[in-house]
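S.K.: Pasting start-v9.csv below, which is CSV, C-alpha atoms.
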```
chain,number,residue,atom,x,y,z
A,27,MET,CA,99.7,83.9,54.8
A,28,ASP,CA,96.7,86.0,53.8
A,29,ASP,CA,94.9,82.8,52.8
A,30,PHE,CA,94.9,81.6,56.4
A,31,VAL,CA,93.0,84.6,57.7
A,32,GLU,CA,89.3,84.7,57.1
A,33,GLU,CA,87.8,87.6,55.3
A,34,GLU,CA,85.4,88.3,58.2
A,35,SER,CA,88.0,87.9,61.0
A,36,PRO,CA,88.1,90.7,63.6
A,37,VAL,CA,91.9,90.8,63.1
A,38,ARG,CA,91.3,92.5,59.8
A,39,VAL,CA,89.3,95.2,61.6
A,40,ILE,CA,92.1,95.8,64.0
A,41,ASP,CA,94.6,96.1,61.1
A,42,ALA,CA,92.5,98.6,59.2
A,43,TYR,CA,91.6,100.6,62.3
A,44,VAL,CA,95.1,101.1,63.6
A,45,ASP,CA,96.4,102.0,60.1
A,46,CYS,CA,94.0,105.0,60.0
A,47,LEU,CA,95.2,106.4,63.4
A,48,ALA,CA,97.5,109.3,63.9
A,49,LEU,CA,99.3,107.9,66.9
A,50,GLU,CA,101.6,110.8,67.5
A,51,GLU,CA,98.6,113.2,67.7
A,52,LEU,CA,97.0,110.8,70.3
A,53,GLY,CA,100.1,111.1,72.5
A,54,PHE,CA,101.9,107.8,71.7
A,55,GLN,CA,105.7,107.9,71.8
A,56,VAL,CA,106.7,107.6,68.2
A,57,PHE,CA,110.4,107.0,67.2
A,58,SER,CA,111.8,108.1,63.9
A,59,GLY,CA,114.4,105.4,63.7
A,60,ALA,CA,117.1,107.9,62.7
A,61,ARG,CA,119.5,107.1,65.4
A,62,ALA,CA,122.2,104.4,65.1
A,63,GLY,CA,121.5,100.9,66.3
A,64,GLN,CA,118.7,98.5,66.0
A,65,LYS,CA,115.6,100.1,64.5
A,66,PRO,CA,112.6,100.4,66.9
A,67,TYR,CA,109.4,98.5,66.3
A,68,ARG,CA,106.6,100.6,64.7
A,69,ARG,CA,104.2,101.8,67.3
A,70,GLU,CA,101.3,100.7,65.1
A,71,ASP,CA,102.5,97.1,65.1
A,72,LEU,CA,102.8,97.0,68.9
A,73,LEU,CA,99.4,98.6,69.3
A,74,LYS,CA,97.9,96.0,66.9
A,75,LEU,CA,99.5,93.3,68.9
A,76,TYR,CA,98.1,94.6,72.2
A,77,LEU,CA,94.5,95.1,70.8
A,78,TYR,CA,94.4,91.7,69.4
A,79,CYS,CA,95.7,90.0,72.5
A,80,TYR,CA,93.5,91.9,74.9
A,81,MET,CA,90.5,91.1,72.7
A,82,ASN,CA,91.3,87.4,73.0
A,83,GLY,CA,91.9,87.5,76.8
A,84,ILE,CA,95.7,87.6,76.7
A,85,ARG,CA,97.1,90.3,79.1
A,86,SER,CA,100.5,89.0,80.1
A,87,SER,CA,103.4,90.4,78.1
A,88,ARG,CA,105.2,87.0,78.3
A,89,LYS,CA,102.1,85.3,76.8
A,90,MET,CA,101.9,87.9,74.1
A,91,GLU,CA,105.5,87.2,73.2
A,92,THR,CA,104.7,83.5,72.9
A,93,GLU,CA,101.6,84.2,70.7
A,94,THR,CA,103.8,86.0,68.2
A,95,LYS,CA,105.6,82.8,67.5
A,96,ARG,CA,102.6,80.4,67.0
A,97,ASN,CA,99.5,82.4,66.3
A,98,ILE,CA,98.8,82.6,62.5
A,99,GLU,CA,96.5,85.6,62.8
A,100,LEU,CA,99.0,87.5,64.8
A,101,MET,CA,101.8,86.7,62.5
A,102,TRP,CA,99.7,88.1,59.6
A,103,LEU,CA,98.8,91.2,61.6
A,104,ILE,CA,102.3,92.3,62.5
A,105,SER,CA,104.3,90.7,59.6
A,106,LYS,CA,105.9,87.9,61.7
A,107,LEU,CA,107.6,90.4,64.1
A,108,GLN,CA,108.5,88.9,67.5
A,109,PRO,CA,109.0,91.7,70.1
A,110,ASP,CA,110.1,90.4,73.5
A,111,HIS,CA,108.0,90.8,76.7
A,112,GLY,CA,110.2,93.7,77.9
A,113,THR,CA,109.4,95.7,74.8
A,114,LEU,CA,105.7,95.0,75.1
A,115,SER,CA,105.6,95.9,78.8
A,116,ALA,CA,107.5,99.2,78.2
A,117,PHE,CA,105.1,100.1,75.3
A,118,MET,CA,102.1,99.8,77.6
A,119,ARG,CA,103.8,101.5,80.5
A,120,ASN,CA,105.0,104.5,78.5
A,121,ASN,CA,101.7,105.1,76.6
A,122,GLN,CA,99.0,104.7,79.3
A,123,ALA,CA,97.6,108.2,78.8
A,124,ALA,CA,97.5,107.8,75.0
A,125,ILE,CA,95.7,104.5,75.3
A,126,LYS,CA,93.0,106.1,77.4
A,127,LYS,CA,92.7,108.8,74.8
A,128,LEU,CA,92.5,106.2,72.1
A,129,PHE,CA,89.6,104.5,74.0
A,130,ARG,CA,87.7,107.8,74.0
A,131,GLU,CA,88.3,108.4,70.3
A,132,PHE,CA,87.1,104.8,69.6
A,133,THR,CA,83.9,105.5,71.6
A,134,LEU,CA,83.3,108.7,69.6
A,135,MET,CA,83.8,106.7,66.4
A,136,LEU,CA,81.1,104.2,67.5
A,137,LYS,CA,78.9,107.1,68.2
A,138,GLY,CA,79.5,108.5,64.7
A,139,PHE,CA,78.6,105.1,63.2
A,140,GLY,CA,75.4,105.0,65.2
A,141,LEU,CA,76.4,102.0,67.2
A,142,ILE,CA,75.8,103.9,70.5
A,143,ASP,CA,73.2,106.6,70.8
A,144,GLY,CA,73.2,107.5,74.5
A,145,GLN,CA,69.4,107.3,74.9
A,146,LEU,CA,69.7,104.8,77.7
A,147,VAL,CA,73.0,104.1,79.5
A,148,ALA,CA,73.4,101.7,82.4
A,149,ILE,CA,76.1,102.2,85.1
A,150,ASP,CA,77.3,99.3,87.2
A,151,GLY,CA,80.4,98.2,89.1
A,152,THR,CA,82.2,94.9,89.6
A,153,LYS,CA,84.9,93.8,92.0
A,154,ILE,CA,88.0,92.3,90.4
A,155,LYS,CA,90.4,90.5,92.7
A,156,ALA,CA,93.8,92.1,93.0
A,157,ASN,CA,97.0,90.1,92.6
A,158,CYS,CA,97.7,90.2,96.3
A,159,SER,CA,97.8,87.8,99.2
A,160,LYS,CA,95.6,88.4,102.2
A,161,LYS,CA,98.7,88.1,104.3
A,162,GLN,CA,100.0,91.3,102.7
A,163,HIS,CA,96.8,93.3,103.6
A,164,PHE,CA,96.7,95.2,106.9
A,165,ASN,CA,94.4,97.5,108.9
A,166,ALA,CA,94.7,98.8,112.4
A,167,ASN,CA,92.9,95.8,113.9
A,168,ILE,CA,95.0,93.2,112.0
A,169,VAL,CA,98.3,95.0,113.0
A,170,SER,CA,97.3,95.1,116.6
A,171,LYS,CA,96.4,91.4,116.7
A,172,LYS,CA,99.7,90.4,115.0
A,173,LEU,CA,101.7,92.5,117.4
A,174,GLU,CA,100.0,91.0,120.3
A,175,HIS,CA,100.6,87.5,118.9
A,176,ILE,CA,104.3,88.3,118.4
A,177,ASP,CA,104.6,89.7,121.9
A,178,GLU,CA,103.3,86.4,123.3
A,179,LYS,CA,105.7,84.4,121.1
A,180,ILE,CA,108.7,86.5,122.2
A,181,ASP,CA,107.8,86.1,125.9
A,182,ALA,CA,107.4,82.4,125.4
A,183,TYR,CA,110.9,82.1,123.7
A,184,LEU,CA,112.5,84.2,126.4
A,185,ARG,CA,111.2,81.9,129.1
A,186,ASP,CA,112.5,78.9,127.2
A,187,PHE,CA,115.9,80.6,126.7
A,188,LEU,CA,116.3,81.2,130.4
A,189,THR,CA,115.5,77.6,131.3
A,190,GLU,CA,117.4,76.0,128.5
A,191,ASP,CA,120.9,74.7,129.1
A,192,ASN,CA,121.7,73.2,125.7
A,193,ARG,CA,123.8,75.7,123.7
A,194,GLN,CA,122.5,74.6,120.3
A,195,LYS,CA,118.9,75.0,121.3
A,196,LYS,CA,119.7,78.4,122.8
A,197,GLN,CA,121.1,79.4,119.4
A,198,GLU,CA,117.9,78.2,117.7
A,199,ILE,CA,115.8,80.2,120.1
A,200,THR,CA,118.0,83.3,119.5
A,201,GLU,CA,117.5,83.0,115.8
A,202,LYS,CA,113.7,82.7,116.2
A,203,LEU,CA,113.7,85.8,118.5
A,204,GLU,CA,115.5,87.8,115.8
A,205,VAL,CA,112.9,86.8,113.2
A,206,TYR,CA,110.0,87.9,115.4
A,207,GLN,CA,111.8,91.1,116.4
A,208,LYS,CA,112.3,91.9,112.7
A,209,ARG,CA,108.6,91.2,112.0
A,210,MET,CA,107.6,93.4,114.9
A,211,HIS,CA,109.6,96.2,113.5
A,212,GLU,CA,108.0,95.8,110.0
A,213,LEU,CA,104.5,95.9,111.6
A,214,GLN,CA,105.4,99.0,113.6
A,215,ILE,CA,106.4,100.7,110.3
A,216,ILE,CA,103.0,99.7,108.8
A,217,LYS,CA,101.2,101.0,111.9
A,218,GLU,CA,102.9,104.3,111.6
A,219,GLU,CA,102.2,104.6,107.9
A,220,LEU,CA,98.5,104.0,108.5
A,221,LYS,CA,98.5,106.6,111.2
A,222,GLU,CA,100.3,109.2,109.1
A,223,THR,CA,98.3,108.7,105.9
A,224,GLY,CA,94.9,108.5,107.7
A,225,GLU,CA,94.0,105.4,105.6
A,226,ASN,CA,91.9,102.6,107.1
A,227,GLN,CA,93.9,99.8,105.4
A,228,LEU,CA,97.1,99.1,103.5
A,229,CYS,CA,98.0,96.5,100.9
A,230,VAL,CA,101.8,96.1,100.8
A,231,THR,CA,102.1,94.5,97.3
A,232,ASP,CA,99.5,96.7,95.7
A,233,PRO,CA,98.9,99.9,97.5
A,234,ASP,CA,95.9,100.9,95.3
A,235,ALA,CA,93.9,97.8,96.2
A,236,LYS,CA,91.6,97.5,99.2
A,237,SER,CA,89.7,94.8,101.0
A,238,MET,CA,86.1,94.7,99.8
A,239,LYS,CA,83.1,92.5,100.1
A,240,ASN,CA,83.0,90.3,96.9
A,241,ASN,CA,80.7,87.4,96.3
A,242,GLY,CA,79.8,87.1,100.0
A,243,LYS,CA,83.4,87.3,101.4
A,244,HIS,CA,86.1,89.9,101.9
A,245,GLU,CA,88.9,90.0,99.3
A,246,VAL,CA,91.5,92.5,98.2
A,247,CYS,CA,90.0,93.9,95.1
A,248,PHE,CA,89.6,96.8,92.7
A,249,ASN,CA,86.2,98.3,91.9
A,250,VAL,CA,85.8,98.6,88.1
A,251,GLN,CA,83.0,101.0,87.0
A,252,THR,CA,81.4,100.7,83.6
A,253,ALA,CA,78.9,102.7,81.6
A,254,VAL,CA,77.2,100.6,78.9
A,255,ASP,CA,74.9,101.9,76.1
A,256,SER,CA,71.7,99.9,75.7
A,257,LYS,CA,71.5,99.9,71.9
A,258,TYR,CA,74.2,97.2,71.2
A,259,ARG,CA,75.5,96.8,74.8
A,260,LEU,CA,78.8,98.5,74.0
A,261,ILE,CA,80.9,100.2,76.7
A,262,VAL,CA,80.8,104.0,76.7
A,263,ASP,CA,83.4,104.5,79.4
A,264,CYS,CA,85.0,102.8,82.4
A,265,ASP,CA,87.1,103.6,85.4
A,266,THR,CA,89.0,101.6,88.0
A,267,VAL,CA,88.7,102.9,91.6
A,268,ASN,CA,89.3,101.5,95.1
A,269,ASP,CA,86.1,102.6,96.7
A,270,VAL,CA,84.7,99.7,98.7
A,271,ASN,CA,81.2,100.4,97.4
A,272,ASP,CA,79.5,102.3,94.6
A,273,GLN,CA,77.9,105.1,96.5
A,274,GLY,CA,80.5,107.7,95.6
A,275,GLN,CA,80.8,106.8,91.9
A,276,LEU,CA,77.5,107.8,90.4
A,277,SER,CA,78.5,111.4,89.4
A,278,ASN,CA,81.9,110.2,88.3
A,279,MET,CA,80.5,107.8,85.7
A,280,ALA,CA,77.6,110.0,84.8
A,281,HIS,CA,79.9,112.9,83.9
A,282,LYS,CA,82.1,110.6,81.9
A,283,THR,CA,79.0,109.5,80.0
A,284,LYS,CA,77.9,113.0,79.4
A,285,GLN,CA,81.3,113.9,77.9
A,286,VAL,CA,80.6,111.4,75.1
A,287,PHE,CA,76.9,112.4,74.6
A,288,ARG,CA,77.1,116.2,74.9
A,289,ASP,CA,74.1,118.4,74.2
A,290,GLN,CA,71.6,115.5,74.0
A,291,LYS,CA,69.1,113.9,76.3
A,292,THR,CA,70.4,110.8,78.1
A,293,THR,CA,68.7,108.5,80.5
A,294,ILE,CA,71.1,106.9,83.1
A,295,VAL,CA,70.1,103.7,85.0
A,296,ALA,CA,71.8,102.6,88.2
A,297,ASP,CA,71.0,100.1,90.9
A,298,THR,CA,70.4,100.9,94.6
A,299,GLY,CA,74.0,100.6,95.5
A,300,TYR,CA,74.6,104.0,93.9
A,301,TYR,CA,71.9,105.7,95.9
A,302,ASN,CA,73.4,108.9,97.4
A,303,TYR,CA,71.5,112.1,97.8
A,304,LEU,CA,74.5,114.4,97.1
A,305,GLU,CA,75.6,112.3,94.1
A,306,ILE,CA,72.1,112.2,92.6
A,307,ILE,CA,71.7,116.0,92.8
A,308,ASP,CA,75.1,116.5,91.2
A,309,VAL,CA,74.1,114.3,88.2
A,310,VAL,CA,70.6,115.4,87.2
A,311,ASP,CA,70.3,118.4,84.9
A,312,GLU,CA,68.1,119.4,81.9
A,313,SER,CA,69.7,116.9,79.6
A,314,THR,CA,70.1,114.0,82.0
A,315,GLU,CA,67.4,111.8,83.4
A,316,LEU,CA,68.3,109.4,86.2
A,317,LEU,CA,66.5,106.2,87.1
A,318,ILE,CA,67.5,104.7,90.5
A,319,LYS,CA,65.6,102.9,93.2
A,320,PRO,CA,65.9,104.4,96.7
A,321,GLN,CA,67.5,102.4,99.4
A,322,LYS,CA,65.2,100.6,101.8
A,323,GLY,CA,64.8,102.2,105.2
A,324,LYS,CA,65.8,100.5,108.5
A,325,GLN,CA,63.8,97.3,108.9
A,326,ASN,CA,62.3,98.3,112.2
A,327,LYS,CA,61.2,101.7,110.9
A,328,VAL,CA,59.7,100.1,107.7
A,329,ALA,CA,57.9,97.4,109.8
A,330,SER,CA,56.5,100.0,112.2
A,331,GLY,CA,55.3,102.3,109.4
A,332,PHE,CA,57.5,105.2,110.5
A,333,ASP,CA,60.0,105.2,107.7
A,334,LYS,CA,60.7,108.7,106.2
A,335,ALA,CA,58.9,107.7,103.0
A,336,ASN,CA,55.7,107.6,105.0
A,337,PHE,CA,56.1,111.2,106.2
A,338,LYS,CA,54.3,113.6,103.8
A,339,TYR,CA,55.7,117.0,103.1
A,340,ASP,CA,53.3,120.0,103.1
A,341,SER,CA,55.0,122.6,100.8
A,342,ILE,CA,52.4,125.3,101.5
A,343,ASN,CA,52.9,125.3,105.2
A,344,ASP,CA,56.5,124.1,105.1
A,345,ARG,CA,56.0,121.1,107.4
A,346,TYR,CA,56.0,117.3,107.5
A,347,ILE,CA,53.0,115.2,108.5
A,348,CYS,CA,53.7,111.9,110.3
A,349,PRO,CA,51.7,108.7,109.5
A,350,LEU,CA,49.5,109.4,112.6
A,351,GLY,CA,48.7,112.9,111.4
A,352,TYR,CA,50.9,114.9,113.7
A,353,GLU,CA,52.9,117.9,112.5
A,354,LEU,CA,56.7,118.2,112.3
A,355,PRO,CA,57.2,122.0,111.9
A,356,PHE,CA,60.4,123.6,110.6
A,357,LYS,CA,63.0,124.2,113.3
A,358,TRP,CA,66.3,125.3,111.8
A,359,ASN,CA,68.6,125.4,108.7
A,360,GLY,CA,71.8,123.4,108.4
A,361,LYS,CA,74.6,122.6,106.0
A,362,GLN,CA,76.4,119.3,105.4
A,363,ASP,CA,79.0,118.4,102.7
A,364,GLY,CA,78.3,121.7,101.0
A,365,LYS,CA,74.5,121.1,100.7
A,366,GLU,CA,71.9,123.1,102.6
A,367,TYR,CA,69.1,121.4,104.4
A,368,ARG,CA,66.1,122.2,106.6
A,369,ARG,CA,65.3,120.2,109.8
A,370,TYR,CA,61.7,119.5,111.0
A,371,THR,CA,61.1,118.2,114.5
A,372,CYS,CA,58.0,116.5,116.1
A,373,GLU,CA,56.4,118.3,119.1
A,374,ALA,CA,53.8,115.6,119.8
A,375,PHE,CA,56.1,112.8,120.8
A,376,ASP,CA,55.2,113.0,124.5
A,377,PHE,CA,51.5,112.2,123.9
A,378,CYS,CA,51.3,110.5,120.5
A,379,GLY,CA,51.8,107.0,122.1
A,380,HIS,CA,54.1,105.7,119.4
A,381,LYS,CA,57.5,107.4,120.3
A,382,GLU,CA,59.3,104.0,120.9
A,383,SER,CA,58.3,102.8,117.4
A,384,CYS,CA,59.1,106.1,115.7
A,385,THR,CA,62.4,107.2,117.2
A,386,SER,CA,65.0,106.7,120.0
A,387,ALA,CA,65.8,110.4,120.2
A,388,LYS,CA,64.9,112.1,123.5
A,389,GLY,CA,63.8,115.2,121.7
A,390,GLY,CA,61.4,113.4,119.4
A,391,ARG,CA,61.5,112.4,115.7
A,392,ALA,CA,63.4,114.8,113.4
A,393,VAL,CA,63.3,114.8,109.5
A,394,THR,CA,65.7,116.6,107.3
A,395,ARG,CA,65.0,118.0,103.9
A,396,LEU,CA,67.6,119.0,101.3
A,397,SER,CA,67.2,122.2,99.4
A,398,ASP,CA,66.9,120.0,96.3
A,399,GLU,CA,64.7,117.3,97.8
A,400,GLU,CA,62.1,117.9,95.1
A,401,VAL,CA,64.6,116.5,92.6
A,402,ILE,CA,65.0,113.3,94.6
A,403,GLU,CA,61.2,112.9,94.9
A,404,GLN,CA,60.8,113.4,91.1
A,405,ILE,CA,63.5,110.8,90.4
A,406,THR,CA,61.8,108.3,92.7
A,407,GLU,CA,58.5,108.9,91.0
A,408,ASN,CA,60.0,108.5,87.5
A,409,THR,CA,61.8,105.3,88.5
A,410,HIS,CA,58.6,103.7,89.8
A,411,ARG,CA,56.8,104.8,86.6
A,412,GLN,CA,59.4,103.3,84.3
A,413,SER,CA,60.2,100.2,86.3
A,414,ASN,CA,59.8,98.0,83.2
A,415,ILE,CA,63.2,99.2,81.8
```
Spell out the structure here as structure tokens.

M.R.:
Amino acid sequence: MDDFVEEESPVRVIDAYVDCLALEELGFQVFSGARAGQKPYRREDLLKLYLYCYMNGIRSSRKMETETKRNIELMWLISKLQPDHGTLSAFMRNNQAAIKKLFREFTLMLKGFGLIDGQLVAIDGTKIKANCSKKQHFNANIVSKKLEHIDEKIDAYLRDFLTEDNRQKKQEITEKLEVYQKRMHELQIIKEELKETGENQLCVTDPDAKSMKNNGKHEVCFNVQTAVDSKYRLIVDCDTVNDVNDQGQLSNMAHKTKQVFRDQKTTIVADTGYYNYLEIIDVVDESTELLIKPQKGKQNKVASGFDKANFKYDSINDRYICPLGYELPFKWNGKQDGKEYRRYTCEAFDFCGHKESCTSAKGGRAVTRLSDEEVIEQITENTHRQSNI
């Protein structure tokens, strides 16, 4: 059978790689086979099967079982073994933590071979549709509308029941009322669960999935985060979350990246969707450079010229200067989400003549400055200077 597998086939790489692993040290459940009964499949063979199938876009355990009976490369790889889908599913379910550790070890191996260098790493997210019907997704508004609809239906059937003389039709109406009452009870349970957990939404078939904007429409999805090294575009690390946007994932993915490239200078690139002051400050240190474009201000402020970017900070006198030249002196200190900030308020809003274009606040325009604002300003400057990356 070896003659049917090409010398340069990736399946030979999988075979050699798994054979050199110490699976028990990585945390895989390894069985000695000393007990009576049918001998267990070698963990190495099941792992080889999984790696090969995933690399070829086969994720279903039933499809994997089918491939073992017809795929020549797979027959060669696992010596014509034919584990059933239950065995394959149990192997993945019982070794999830070990497989994550294996991914990290593989990444470090790539680093050792010089295939990733960490000089430039791009972070991005993609929405992957969950295996869930929209009908099984609920939030407070959806539940309220469905309950209102059921109430109307029940009222209508009750009126029909009171005016109907035919016994068979009355029985049919009674059965329909029972169905709606049961559905109302289920919705009440979901409503209480949302209230108790404090969650904004609930997916019955897949509780971890959430409704997100995906390709211009709302779908029940997962948010898959990926960090990719620029040298050969190989994945450094990944994570699956249910955040509806990327704003809270910058530090998560940056820290995962820095765990791989310890004690070396790394430049991380992310798009505007990750722009979050607190996340940015948490990421940047002496060994990490971050390039990220700031979010655009509100359209009306940008159009009028009174966006915060147009207010200049005077570090000597600790004040802001507005686009018209008026001062915004320091007023008071504050703290939000564990980060300290200083607040500056305009005193010339009554006579500057542009208050309506600048702010809707009765007390005049106010600008806040984080204690680490210089870091944000430096990142913005570096991003503009290296915009060709």

S.K.: In terms of the shortest atom-to-atom distance over all atoms listed in the file, which of A:Lys172, A:Thr152, A:Glu201, A:Leu184 is closest to A:Lys239?

M.R.: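 The answer is A:Thr152, which sits nearest to A:Lys239.
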
S.K.: Which residues, written as a ChimeraX atom specification, have at least one atom at most 8 Å from A:Ile306, with all atoms listed in the file counted and residues fewer than 6 positions away on the same chain left out?

M.R.: /A:276-277,316,402

S.K.: May I ask for the distance between atom CA of A:Glu222 and atom CA of A:Ala166, given in Å to one decimal place?

M.R.: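 Calculated distance between atom CA of A:Glu222 and atom CA of A:Ala166 is 12.3 Å.
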
S.K.: Neighbours of A:Cys264 within 9 Å (all atoms listed in the file; same-chain residues fewer than 5 positions away dropped), as a PDB file with C-alpha atoms, in the coordinates of the input?

M.R.:
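And here is the file that came out, selection_5.pdb:
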```pdb
ATOM      1  CA  VAL A 250      85.800  98.600  88.100  1.00  0.00           C
ATOM      2  CA  GLN A 251      83.000 101.000  87.000  1.00  0.00           C
ATOM      3  CA  THR A 252      81.400 100.700  83.600  1.00  0.00           C
ATOM      4  CA  ALA A 253      78.900 102.700  81.600  1.00  0.00           C
ATOM      5  CA  VAL A 254      77.200 100.600  78.900  1.00  0.00           C
ATOM      6  CA  MET A 279      80.500 107.800  85.700  1.00  0.00           C
ATOM      7  CA  LYS A 282      82.100 110.600  81.900  1.00  0.00           C
TER       8      LYS A 282
END
```

S.K.: Return the single residue from A:Lys221, A:Arg395, A:Arg88, A:Arg185 that is closest to A:Lys338, with distances computed using all atoms listed in the file.

M.R.: A:Arg395

S.K.: If you count all atoms listed in the file, which residues fall within 7 Å of stretch 68-70 of chain A, apart from same-chain ones fewer than 2 positions away, as a list in words?

M.R.: Val44, Val56, Pro66, Leu72, Leu73 and Lys74 of chain A

S.K.: For A:Glu174, which residue among A:Arg209, A:Arg85, A:Arg38, A:Lys153 is the nearest when counting all atoms listed in the file?

M.R.: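 Once distances to A:Glu174 are computed over all atoms listed in the file, the minimum belongs to A:Arg209.
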
S.K.: Grab the atom CA of A:Asp297 to atom CA of A:Ile142 distance for me, in Å with one decimal place.

M.R.: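 A separation of 21.3 Å between them.
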
S.K.: Mind checking which residues fall within 7 Å of A:Thr292, counting all atoms listed in the file, ignoring those fewer than 4 positions away in the same chain, and posting them as a VMD selection string?

M.R.: chain A and resid 144 to 146 313 to 315

S.K.: So, with only C-alpha atoms as the atoms that count, which of A:Ile215, A:Met135, A:Val310, A:Ile154 lies closest to A:Val295?

M.R.: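 Closest candidate: A:Val310.
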
S.K.: Using only C-alpha atoms, determine which residues lie at most 12 Å from A:Ile40, disregarding the query and same-chain residues fewer than 2 positions distant; provide the list as a PyMOL selection string.

M.R.: chain A and resi 34-38+42-47+70-81+99-100+102-104+132

S.K.: Write the residues of the preceding selection, restricted to C-alpha atoms, as a short mmCIF file (atom, residue, chain, number, x, y, z; two decimals), in the frame of the given file.

M.R.:
```
data_model
loop_
_atom_site.label_atom_id
_atom_site.label_comp_id
_atom_site.auth_asym_id
_atom_site.auth_seq_id
_atom_site.Cartn_x
_atom_site.Cartn_y
_atom_site.Cartn_z
CA GLU A 34 85.40 88.30 58.20
CA SER A 35 88.00 87.90 61.00
CA PRO A 36 88.10 90.70 63.60
CA VAL A 37 91.90 90.80 63.10
CA ARG A 38 91.30 92.50 59.80
CA ALA A 42 92.50 98.60 59.20
CA TYR A 43 91.60 100.60 62.30
CA VAL A 44 95.10 101.10 63.60
CA ASP A 45 96.40 102.00 60.10
CA CYS A 46 94.00 105.00 60.00
CA LEU A 47 95.20 106.40 63.40
CA GLU A 70 101.30 100.70 65.10
CA ASP A 71 102.50 97.10 65.10
CA LEU A 72 102.80 97.00 68.90
CA LEU A 73 99.40 98.60 69.30
CA LYS A 74 97.90 96.00 66.90
CA LEU A 75 99.50 93.30 68.90
CA TYR A 76 98.10 94.60 72.20
CA LEU A 77 94.50 95.10 70.80
CA TYR A 78 94.40 91.70 69.40
CA CYS A 79 95.70 90.00 72.50
CA TYR A 80 93.50 91.90 74.90
CA MET A 81 90.50 91.10 72.70
CA GLU A 99 96.50 85.60 62.80
CA LEU A 100 99.00 87.50 64.80
CA TRP A 102 99.70 88.10 59.60
CA LEU A 103 98.80 91.20 61.60
CA ILE A 104 102.30 92.30 62.50
CA PHE A 132 87.10 104.80 69.60
#
```
